[in-house]
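Contents: one structure, followed by commentary.
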Amino acid sequence: MTDIEYLDQAEALLRAVERCCDCINESSDADIDNQRVGGMVTLGFSNGSQIVINLQKPLHEVWLAARVGGFHYRFDGAAWIDTKGQGEFFDRLSQCASEQAAMPLRFRALL
């Protein structure tokens with residue numbers, strides 16, 4: 001993957017996260033505060049916890065940090081997959097956000 005291809009895919013991922021937050025906030029009581037600074041999105045929850053998603057450009061990875069731990073993802077041509085074989089990015093984000101919001105939340109790549 002070239003640097004440009006990585007940036008295109010990674011930016012699409014961050015935009016999808018932001019769009020999902022907007023949709024979740026409109027359709028539920030979750031009230032996720034999402035803030036973006038450059039290549040990093042921070043999701044804030046009402047209990048004070050956060051999820052941080054940031055781009056690791058030199059490695060062509062996206063990192064996700066949540067209460068349960070940190071995860072690294074690489075794009076495989078179709079999806080962002082955990083580098084240690086622990087699944088897909090949006091599935092993990094949904095799991096972590098649901099736990100931290102104390103309600104079921106669903107994030108996905110395309111809206």
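In the structure tokens, each chain is lettered A, B, ... as it comes, each chain's residues begin at 1, and ligands are numbered from 1 in order of appearance.
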
Practice prompt. Name the residues of chain A that come out as alpha helix (DSSP H) in a backbone DSSP run; write them as a PyMOL selection string.
Written response: chain A and resi 3-27+89-101

Selected residues written out, C-alpha atoms, as a CSV table (one decimal), in the first residue's frame:
chain,number,residue,atom,x,y,z
A,3,ASP,CA,1.3,6.3,1.5
A,4,ILE,CA,-1.5,8.0,-0.5
A,5,GLU,CA,-3.6,4.8,-0.5
A,6,TYR,CA,-3.1,4.5,3.3
A,7,LEU,CA,-4.1,8.1,3.9
A,8,ASP,CA,-7.2,7.7,1.7
A,9,GLN,CA,-8.4,4.6,3.6
A,10,ALA,CA,-7.5,6.0,7.0
A,11,GLU,CA,-9.3,9.3,6.4
A,12,ALA,CA,-12.3,7.4,5.3
A,13,LEU,CA,-12.2,5.4,8.5
A,14,LEU,CA,-12.0,8.6,10.7
A,15,ARG,CA,-14.9,10.2,8.7
A,16,ALA,CA,-17.0,7.0,9.2
A,17,VAL,CA,-16.3,7.1,13.0
A,18,GLU,CA,-17.4,10.8,13.1
A,19,ARG,CA,-20.6,10.1,11.0
A,20,CYS,CA,-21.5,7.1,13.2
A,21,CYS,CA,-21.1,9.3,16.3
A,22,ASP,CA,-23.5,11.9,14.8
A,23,CYS,CA,-26.0,9.2,13.9
A,24,ILE,CA,-25.8,7.6,17.4
A,25,ASN,CA,-26.2,10.9,19.1
A,26,GLU,CA,-29.3,11.7,17.0
A,27,SER,CA,-30.9,8.3,17.6
A,89,PHE,CA,-11.8,-2.3,13.6
A,90,PHE,CA,-15.5,-1.4,13.6
A,91,ASP,CA,-16.5,-4.5,15.5
A,92,ARG,CA,-14.0,-3.7,18.2
A,93,LEU,CA,-15.0,-0.1,18.3
A,94,SER,CA,-18.6,-1.1,18.7
A,95,GLN,CA,-17.7,-3.4,21.5
A,96,CYS,CA,-15.6,-0.9,23.4
A,97,ALA,CA,-18.0,2.0,22.9
A,98,SER,CA,-21.0,-0.1,24.0
A,99,GLU,CA,-19.1,-1.1,27.2
A,100,GLN,CA,-18.1,2.5,27.9
A,101,ALA,CA,-21.5,4.0,27.1

Worksheet item: Could you pull out all residues of chain A with a DSSP call of strand (DSSP E) and give them as a ChimeraX atom specification?
Response: /A:33-37,40-44,50-56,61-66,69-75,80-82
